[in-house]
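Source file: coords28.pdb. Holds: PDB, C-alpha atoms and all ligand atoms.
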```
MODEL        1
ATOM      1  CA  MET X   1      83.467  85.314 226.852
ATOM      2  CA  ILE X   2      84.911  88.133 224.762
ATOM      3  CA  THR X   3      82.698  89.961 222.283
ATOM      4  CA  LEU X   4      84.502  91.999 219.628
ATOM      5  CA  TYR X   5      82.512  94.870 218.158
ATOM      6  CA  VAL X   6      83.587  95.628 214.590
ATOM      7  CA  PHE X   7      82.015  96.698 211.286
ATOM      8  CA  GLY X   8      82.277  93.287 209.615
ATOM      9  CA  PRO X   9      83.731  91.887 206.391
ATOM     10  CA  MET X  10      83.538  94.043 203.297
ATOM     11  CA  LEU X  11      85.135  94.113 199.822
ATOM     12  CA  GLY X  12      87.069  90.924 200.521
ATOM     13  CA  LEU X  13      88.604  92.348 203.707
ATOM     14  CA  PRO X  14      87.806  90.930 207.154
ATOM     15  CA  ASP X  15      86.969  94.550 207.999
ATOM     16  CA  LEU X  16      87.382  97.802 206.108
ATOM     17  CA  SER X  17      88.625  99.366 209.352
ATOM     18  CA  THR X  18      92.299  98.691 210.054
ATOM     19  CA  PRO X  19      91.964  98.956 213.867
ATOM     20  CA  CYS X  20      89.155  96.373 213.686
ATOM     21  CA  MET X  21      91.258  94.037 211.550
ATOM     22  CA  LYS X  22      94.199  94.590 213.902
ATOM     23  CA  THR X  23      92.113  93.570 216.905
ATOM     24  CA  HIS X  24      90.915  90.396 215.187
ATOM     25  CA  ALA X  25      94.573  89.511 214.566
ATOM     26  CA  LEU X  26      95.538  90.236 218.193
ATOM     27  CA  LEU X  27      92.768  87.955 219.450
ATOM     28  CA  GLN X  28      93.843  85.284 216.984
ATOM     29  CA  MET X  29      97.475  85.657 218.083
ATOM     30  CA  ALA X  30      96.388  85.377 221.708
ATOM     31  CA  GLY X  31      94.495  82.188 220.884
ATOM     32  CA  LEU X  32      91.452  83.486 222.761
ATOM     33  CA  GLU X  33      87.923  82.492 221.845
ATOM     34  CA  TYR X  34      85.681  85.395 220.933
ATOM     35  CA  ARG X  35      82.461  86.218 219.172
ATOM     36  CA  VAL X  36      81.900  89.154 216.861
ATOM     37  CA  ASP X  37      79.100  91.687 216.843
ATOM     38  CA  TYR X  38      78.521  94.000 213.876
ATOM     39  CA  GLY X  39      75.954  96.244 215.522
ATOM     40  CA  GLY X  40      77.876  97.988 218.294
ATOM     41  CA  LEU X  41      78.759 101.396 216.857
ATOM     42  CA  ARG X  42      75.836 103.253 218.435
ATOM     43  CA  LYS X  43      76.831 101.992 221.889
ATOM     44  CA  ALA X  44      80.594 102.417 221.368
ATOM     45  CA  PRO X  45      82.039 104.133 224.483
ATOM     46  CA  LYS X  46      84.246 106.430 222.382
ATOM     47  CA  GLY X  47      81.964 106.501 219.347
ATOM     48  CA  LYS X  48      84.383 104.309 217.383
ATOM     49  CA  LEU X  49      85.042 100.668 216.628
ATOM     50  CA  PRO X  50      86.597  98.372 217.691
ATOM     51  CA  TYR X  51      85.800  97.728 221.328
ATOM     52  CA  ILE X  52      85.443  94.548 223.292
ATOM     53  CA  ASP X  53      83.226  93.372 226.103
ATOM     54  CA  ASP X  54      85.216  90.894 228.142
ATOM     55  CA  ASP X  55      82.838  89.434 230.716
ATOM     56  CA  GLY X  56      81.418  92.878 231.447
ATOM     57  CA  ALA X  57      84.646  94.862 231.106
ATOM     58  CA  VAL X  58      84.133  97.167 228.123
ATOM     59  CA  ILE X  59      87.387  98.266 226.490
ATOM     60  CA  PRO X  60      87.440 100.625 223.515
ATOM     61  CA  ASP X  61      90.445 101.262 221.232
ATOM     62  CA  SER X  62      92.665  98.604 219.682
ATOM     63  CA  THR X  63      95.736  99.556 221.727
ATOM     64  CA  PHE X  64      93.890  99.545 225.047
ATOM     65  CA  ILE X  65      92.386  96.203 224.002
ATOM     66  CA  ARG X  66      95.930  94.905 223.417
ATOM     67  CA  TRP X  67      97.011  96.047 226.866
ATOM     68  CA  HIS X  68      93.883  94.567 228.462
ATOM     69  CA  LEU X  69      94.632  91.189 226.850
ATOM     70  CA  GLU X  70      98.265  91.383 227.939
ATOM     71  CA  GLU X  71      97.333  92.209 231.524
ATOM     72  CA  LYS X  72      94.320  89.946 232.019
ATOM     73  CA  TYR X  73      95.587  86.911 230.122
ATOM     74  CA  ARG X  74      99.309  87.404 230.878
ATOM     75  CA  ILE X  75     100.216  87.559 227.227
ATOM     76  CA  ASP X  76     103.332  89.272 225.923
ATOM     77  CA  PHE X  77     102.684  89.877 222.240
ATOM     78  CA  ASP X  78     106.283  91.112 221.898
ATOM     79  CA  LYS X  79     107.835  88.112 223.606
ATOM     80  CA  GLY X  80     111.445  87.593 222.605
ATOM     81  CA  LEU X  81     112.001  91.193 221.509
ATOM     82  CA  SER X  82     114.614  93.387 223.188
ATOM     83  CA  ALA X  83     113.636  96.794 224.584
ATOM     84  CA  ALA X  84     115.052  98.451 221.452
ATOM     85  CA  GLU X  85     113.102  96.078 219.179
ATOM     86  CA  ARG X  86     109.909  96.742 221.130
ATOM     87  CA  ALA X  87     110.482 100.462 220.633
ATOM     88  CA  GLN X  88     111.072  99.965 216.910
ATOM     89  CA  ALA X  89     107.949  97.809 216.566
ATOM     90  CA  TRP X  90     105.888 100.439 218.393
ATOM     91  CA  ALA X  91     107.182 103.170 216.052
ATOM     92  CA  PHE X  92     106.171 101.165 212.964
ATOM     93  CA  GLU X  93     102.774 100.404 214.453
ATOM     94  CA  LYS X  94     102.124 104.062 215.061
ATOM     95  CA  LEU X  95     103.461 105.003 211.603
ATOM     96  CA  CYS X  96     100.630 102.849 210.288
ATOM     97  CA  GLU X  97      97.962 104.010 212.717
ATOM     98  CA  ASP X  98      98.709 107.705 212.984
ATOM     99  CA  ASN X  99     100.135 108.459 209.551
ATOM    100  CA  LEU X 100      99.360 105.896 206.833
ATOM    101  CA  TYR X 101      95.837 105.503 208.236
ATOM    102  CA  TRP X 102      94.985 109.068 207.199
ATOM    103  CA  ALA X 103      96.343 108.598 203.693
ATOM    104  CA  VAL X 104      94.109 105.530 203.364
ATOM    105  CA  MET X 105      91.124 107.461 204.738
ATOM    106  CA  SER X 106      91.724 110.236 202.235
ATOM    107  CA  ALA X 107      92.048 107.822 199.303
ATOM    108  CA  ARG X 108      88.846 106.007 200.246
ATOM    109  CA  TRP X 109      86.629 108.834 201.453
ATOM    110  CA  ILE X 110      87.656 111.895 199.434
ATOM    111  CA  ASP X 111      88.145 110.356 196.002
ATOM    112  CA  ASP X 112      84.613 110.087 194.545
ATOM    113  CA  ALA X 113      85.121 106.821 192.652
ATOM    114  CA  ASN X 114      86.737 105.090 195.626
ATOM    115  CA  PHE X 115      84.051 106.424 197.947
ATOM    116  CA  THR X 116      81.360 104.908 195.730
ATOM    117  CA  ARG X 117      83.209 101.591 195.538
ATOM    118  CA  GLY X 118      83.831 101.388 199.300
ATOM    119  CA  PRO X 119      82.625 103.563 202.165
ATOM    120  CA  ALA X 120      79.325 104.395 200.418
ATOM    121  CA  LYS X 121      78.327 100.784 201.014
ATOM    122  CA  PHE X 122      78.315 101.436 204.765
ATOM    123  CA  PHE X 123      75.004 103.201 204.243
ATOM    124  CA  ASP X 124      73.291 100.427 202.285
ATOM    125  CA  SER X 125      71.274  99.438 205.346
ATOM    126  CA  ALA X 126      69.815 102.972 205.736
ATOM    127  CA  PRO X 127      66.421 103.653 204.156
ATOM    128  CA  ALA X 128      67.022 104.413 200.461
ATOM    129  CA  PRO X 129      65.632 107.981 200.478
ATOM    130  CA  LEU X 130      67.894 108.953 203.409
ATOM    131  CA  ARG X 131      71.036 107.241 202.136
ATOM    132  CA  PRO X 132      72.544 110.161 200.129
ATOM    133  CA  LEU X 133      71.967 112.596 203.002
ATOM    134  CA  ILE X 134      73.528 110.293 205.626
ATOM    135  CA  ALA X 135      76.475 109.568 203.328
ATOM    136  CA  LYS X 136      76.960 113.310 202.774
ATOM    137  CA  ILE X 137      76.930 114.062 206.527
ATOM    138  CA  VAL X 138      79.353 111.263 207.420
ATOM    139  CA  ARG X 139      81.630 112.123 204.512
ATOM    140  CA  ARG X 140      81.684 115.741 205.668
ATOM    141  CA  SER X 141      82.725 114.631 209.164
ATOM    142  CA  VAL X 142      85.575 112.542 207.698
ATOM    143  CA  ARG X 143      86.688 115.563 205.664
ATOM    144  CA  LYS X 144      86.688 117.637 208.877
ATOM    145  CA  ALA X 145      88.711 114.985 210.714
ATOM    146  CA  LEU X 146      91.256 114.972 207.873
ATOM    147  CA  GLN X 147      91.483 118.757 208.092
ATOM    148  CA  ALA X 148      91.962 118.654 211.859
ATOM    149  CA  GLN X 149      94.602 115.931 211.629
ATOM    150  CA  GLY X 150      96.408 117.868 208.918
ATOM    151  CA  ALA X 151      96.463 115.415 206.013
ATOM    152  CA  GLY X 152      93.352 117.103 204.597
ATOM    153  CA  ARG X 153      95.340 120.303 204.095
ATOM    154  CA  HIS X 154      97.790 118.613 201.721
ATOM    155  CA  SER X 155      97.278 118.064 198.011
ATOM    156  CA  ARG X 156      96.587 114.522 196.888
ATOM    157  CA  ALA X 157     100.117 114.324 195.430
ATOM    158  CA  GLU X 158     101.622 115.445 198.757
ATOM    159  CA  ILE X 159      99.594 112.884 200.733
ATOM    160  CA  GLU X 160     100.719 110.165 198.332
ATOM    161  CA  ARG X 161     104.351 111.243 198.517
ATOM    162  CA  LEU X 162     104.317 111.122 202.316
ATOM    163  CA  ALA X 163     102.513 107.767 202.383
ATOM    164  CA  THR X 164     104.855 106.217 199.825
ATOM    165  CA  ARG X 165     107.781 107.041 202.098
ATOM    166  CA  GLY X 166     105.980 105.206 204.925
ATOM    167  CA  ILE X 167     105.131 102.207 202.728
ATOM    168  CA  ASP X 168     108.758 101.989 201.582
ATOM    169  CA  ALA X 169     109.912 102.159 205.210
ATOM    170  CA  VAL X 170     107.633  99.254 206.191
ATOM    171  CA  ALA X 171     108.905  97.221 203.217
ATOM    172  CA  THR X 172     112.519  97.941 204.192
ATOM    173  CA  GLN X 173     111.901  96.976 207.829
ATOM    174  CA  LEU X 174     110.194  93.751 206.760
ATOM    175  CA  GLY X 175     112.990  92.843 204.345
ATOM    176  CA  ASP X 176     113.011  89.107 203.767
ATOM    177  CA  LYS X 177     111.745  88.243 207.252
ATOM    178  CA  PRO X 178     108.307  86.619 207.535
ATOM    179  CA  TRP X 179     107.180  89.181 210.130
ATOM    180  CA  LEU X 180     108.071  92.748 210.940
ATOM    181  CA  MET X 181     110.548  91.978 213.713
ATOM    182  CA  GLY X 182     111.627  88.424 212.937
ATOM    183  CA  PRO X 183     110.471  84.831 212.634
ATOM    184  CA  GLU X 184     107.345  85.266 214.792
ATOM    185  CA  PRO X 185     104.637  87.924 214.685
ATOM    186  CA  CYS X 186     104.600  90.607 217.380
ATOM    187  CA  ALA X 187     101.858  93.064 218.370
ATOM    188  CA  ALA X 188     102.848  95.538 215.668
ATOM    189  CA  ASP X 189     102.273  92.897 213.001
ATOM    190  CA  ALA X 190      98.550  92.964 213.787
ATOM    191  CA  SER X 191      98.433  96.621 212.916
ATOM    192  CA  VAL X 192     100.999  96.733 210.125
ATOM    193  CA  HIS X 193      99.439  93.713 208.444
ATOM    194  CA  ALA X 194      95.979  95.320 208.587
ATOM    195  CA  THR X 195      97.377  98.490 207.037
ATOM    196  CA  VAL X 196      99.299  96.708 204.273
ATOM    197  CA  THR X 197      96.303  94.523 203.445
ATOM    198  CA  GLY X 198      94.007  97.557 203.431
ATOM    199  CA  LEU X 199      96.406  99.364 201.096
ATOM    200  CA  LEU X 200      96.361  96.372 198.736
ATOM    201  CA  CYS X 201      92.553  96.125 198.657
ATOM    202  CA  PRO X 202      91.836  95.700 194.927
ATOM    203  CA  ALA X 203      88.518  97.531 195.209
ATOM    204  CA  PHE X 204      90.309 100.871 195.451
ATOM    205  CA  GLU X 205      92.185 102.504 192.596
ATOM    206  CA  THR X 206      94.943 104.447 194.246
ATOM    207  CA  PRO X 207      98.659 105.162 193.744
ATOM    208  CA  LEU X 208      99.073 103.939 197.325
ATOM    209  CA  ARG X 209      98.047 100.472 196.195
ATOM    210  CA  THR X 210     100.557 100.653 193.335
ATOM    211  CA  ALA X 211     103.255 101.828 195.779
ATOM    212  CA  THR X 212     102.499  98.822 198.010
ATOM    213  CA  GLU X 213     102.267  96.318 195.143
ATOM    214  CA  ARG X 214     105.734  97.378 194.062
ATOM    215  CA  HIS X 215     107.066  95.532 197.115
ATOM    216  CA  ALA X 216     106.767  91.788 196.598
ATOM    217  CA  ASN X 217     107.586  91.240 200.284
ATOM    218  CA  LEU X 218     104.564  93.316 201.340
ATOM    219  CA  VAL X 219     102.252  91.371 199.024
ATOM    220  CA  ALA X 220     103.602  88.087 200.432
ATOM    221  CA  TYR X 221     103.293  89.438 204.005
ATOM    222  CA  SER X 222      99.655  90.320 203.420
ATOM    223  CA  LYS X 223      98.939  86.798 202.182
ATOM    224  CA  ARG X 224     100.866  85.274 205.084
ATOM    225  CA  GLY X 225      98.832  87.175 207.666
ATOM    226  CA  MET X 226      95.555  86.446 205.905
ATOM    227  CA  GLU X 227      96.348  82.737 205.998
ATOM    228  CA  ARG X 228      97.448  82.833 209.621
ATOM    229  CA  TRP X 229      94.672  84.946 211.135
ATOM    230  CA  PHE X 230      91.824  85.033 208.658
ATOM    231  CA  GLY X 231      91.639  81.562 207.212
ATOM    232  CA  GLY X 232      93.415  82.544 204.016
ATOM    233  CA  LEU X 233      90.669  84.913 202.848
ATOM    234  CA  ARG X 234      92.254  86.337 199.703
ATOM    235  CA  VAL X 235      92.304  90.066 199.416
ATOM    236  CA  ALA X 236      95.789  91.137 198.429
ATOM    237  CA  ALA X 237      96.483  92.090 194.864
ATOM    238  CA  GLY X 238      97.901  89.069 193.142
ATOM    239  CA  GLY X 239      96.107  86.921 195.703
ATOM    240  CA  GLY X 240      94.465  85.036 192.857
TER
HETATM  241  N1  LIG R 301      92.460 104.605 217.945
HETATM  242  C1  LIG R 301      91.313 103.785 217.608
HETATM  243  C2  LIG R 301      90.789 104.188 216.241
HETATM  244  C3  LIG R 301      89.433 103.596 215.955
HETATM  245  C4  LIG R 301      88.795 104.231 214.733
HETATM  246  O1  LIG R 301      89.238 105.285 214.230
HETATM  247  N2  LIG R 301      87.702 103.629 214.271
HETATM  248  C5  LIG R 301      86.970 104.185 213.149
HETATM  249  C6  LIG R 301      86.970 103.216 211.982
HETATM  250  S1  LIG R 301      88.578 102.941 211.376
HETATM  251  C7  LIG R 301      85.507 104.365 213.536
HETATM  252  O2  LIG R 301      84.952 103.587 214.297
HETATM  253  N3  LIG R 301      84.854 105.374 212.997
HETATM  254  C8  LIG R 301      83.447 105.551 213.188
HETATM  255  C9  LIG R 301      83.085 106.958 213.480
HETATM  256  O3  LIG R 301      83.983 107.780 213.685
HETATM  257  O4  LIG R 301      81.869 107.209 213.497
HETATM  258  C10 LIG R 301      91.694 102.310 217.660
HETATM  259  O5  LIG R 301      92.868 101.981 217.467
HETATM  260  O6  LIG R 301      90.810 101.480 217.946
ENDMDL
END
```
Output the file's structure as structure tokens, nothing else.
Ligand SMILES: N[C@@H](CCC(=O)N[C@@H](CS)C(=O)NCC(=O)O)C(=O)O
Amino acid sequence: MITLYVFGPMLGLPDLSTPCMKTHALLQMAGLEYRVDYGGLRKAPKGKLPYIDDDGAVIPDSTFIRWHLEEKYRIDFDKGLSAAERAQAWAFEKLCEDNLYWAVMSARWIDDANFTRGPAKFFDSAPAPLRPLIAKIVRRSVRKALQAQGAGRHSRAEIERLATRGIDAVATQLGDKPWLMGPEPCAADASVHATVTGLLCPAFETPLRTATERHANLVAYSKRGMERWFGGLRVAAGGG
């Protein structure tokens, strides 16, 4: 049996973490049965979620989880794609994970109002007197990570300008297709869908959400993925 360790649903999203949401979608795409555990962060092998325990094999990181599923269960998430299409899909996936991800982190963690609406809730289970201190420490570590990655050195306007270019690129690649690379979802859809849906999360006031909402195909794509992998849980703006 596979156990998936994630943070858990929050603010109408299956998970506030895009890699966690991505891994849910991969497992759904694979048609594998799995259970979820929301208490695994302290034991996470790389100190991050998601990770899985597949009959004793512990695999951290959404991409290594993908490869584990492909190898163990003989799944090709990119079935039907040419080598060039696989390369293109990979590039879009990593645009989301290694670029847009940091813009989302900045919007949620650095902006005070968004922090209060979202990430601050992570600490609700901590004893009330300690909550502000824990939140301050974790927020400081996110700020440091943003600095180290580089996004934290840009102004808010610069981060938004860079991210908007990425959002527009995803919208252009999607075009009027149902999925990123064609009529069926591929591995990159798990990640791109999680990113697009995270960007559209109505709990956060951010120009990135506006930039995403401007693309009707991205809004429809978010809904399509939610219906397919998450039982239609409505989170996208305009989701009703
Ligand atoms: N490359 C990893 C990224 C995982 C990741 O960054 N997880 C974040 C949440 S989005 C996390 O667990 N952060 C907790 C922490 O750093 O304490 C993947 O794709 O799984």
Handout entry: Pairwise distance for CA of Ala157 (chain X) and atom O5 of ligand LIG 301 (chain R), rounded to one decimal in Å
Key = 26.3 Å
Exercise for the section: Starting from the shown file, work through the PyMOL selection byres (((not hetatm)) within 7 of (chain R and resi 301)) and note down what comes out as a list in words. Expected result: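 This file gives the following for the PyMOL selection byres (((not hetatm)) within 7 of (chain R and resi 301)): Ser17, Thr18, Pro19, Cys20, Gly47, Lys48, Leu49, Pro50, Pro60, Asp61, Ser62 and Thr63 of chain X.
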Handout entry: d(CA of Leu81 (chain X), CA of Leu200 (chain X)) in Å
Key =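 According to the coordinates, CA of Leu81 (chain X) and CA of Leu200 (chain X) are separated by 28.1 Å.
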Write out, as JSON lines, each residue of region 108-211 of chain X that has an atom at most 10 Å from region 69-80 of chain X, together with the closest pair of atoms and their distance in Å to one decimal, counting all atoms listed in the file, rows going by chain and rising number.
```
{"residue": "X:Met181", "atom": "CA", "partner": "X:Asp78", "partner_atom": "CA", "distance": 9.3}
{"residue": "X:Gly182", "atom": "CA", "partner": "X:Gly80", "partner_atom": "CA", "distance": 9.7}
{"residue": "X:Glu184", "atom": "CA", "partner": "X:Gly80", "partner_atom": "CA", "distance": 9.1}
{"residue": "X:Pro185", "atom": "CA", "partner": "X:Phe77", "partner_atom": "CA", "distance": 8.0}
{"residue": "X:Cys186", "atom": "CA", "partner": "X:Asp78", "partner_atom": "CA", "distance": 4.8}
{"residue": "X:Ala187", "atom": "CA", "partner": "X:Phe77", "partner_atom": "CA", "distance": 5.1}
{"residue": "X:Ala188", "atom": "CA", "partner": "X:Asp78", "partner_atom": "CA", "distance": 8.4}
{"residue": "X:Asp189", "atom": "CA", "partner": "X:Phe77", "partner_atom": "CA", "distance": 9.7}
{"residue": "X:Ala190", "atom": "CA", "partner": "X:Phe77", "partner_atom": "CA", "distance": 9.9}
```
Problem - Minimum-distance residue to Glu85 (chain X), chosen among X:Ser155, X:Ser125, X:Gln149, X:Gln173 (using all atoms listed in the file) - result: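 For Glu85 (chain X), the nearest of the candidates is X:Gln173.
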Problem - Long-range neighbours of Gly39 (chain X) as a PyMOL selection string, 10 Å cut-off, only C-alpha atoms, 4 positions minimum in chain - result: chain X and resi 5-8+43-44
Practice task
Could you list the residues chosen by the PyMOL selection byres (((chain X and resi 174) around 12) and not hetatm) in this structure as a VMD selection string?
Solution key: chain X and resid 88 to 89 92 167 to 173 175 to 183 185 188 to 189 192 to 193 196 215 to 222
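Of the listed residues X:Arg153, X:Trp67, X:Ile2, X:Met10, the one whose atoms come nearest to Asp37 (chain X) is X:Ile2, with distances taken using all atoms listed in the file.
Between CA of Ser106 (chain X) and CA of Gly152 (chain X) there is a distance of 7.4 Å.
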Completion exercise
Using all atoms listed in the file, the shortest atom-to-atom distance to Pro202 (chain X) among X:Gly118, X:Asp124, X:Pro45, X:Arg86 belongs to X:Gly118
Exercise for the section: Have a look at X:Ala211, X:Ala163, X:Ala203, X:Met226 and name the one nearest to Leu95 (chain X); count only C-alpha atoms. Expected result: X:Ala163
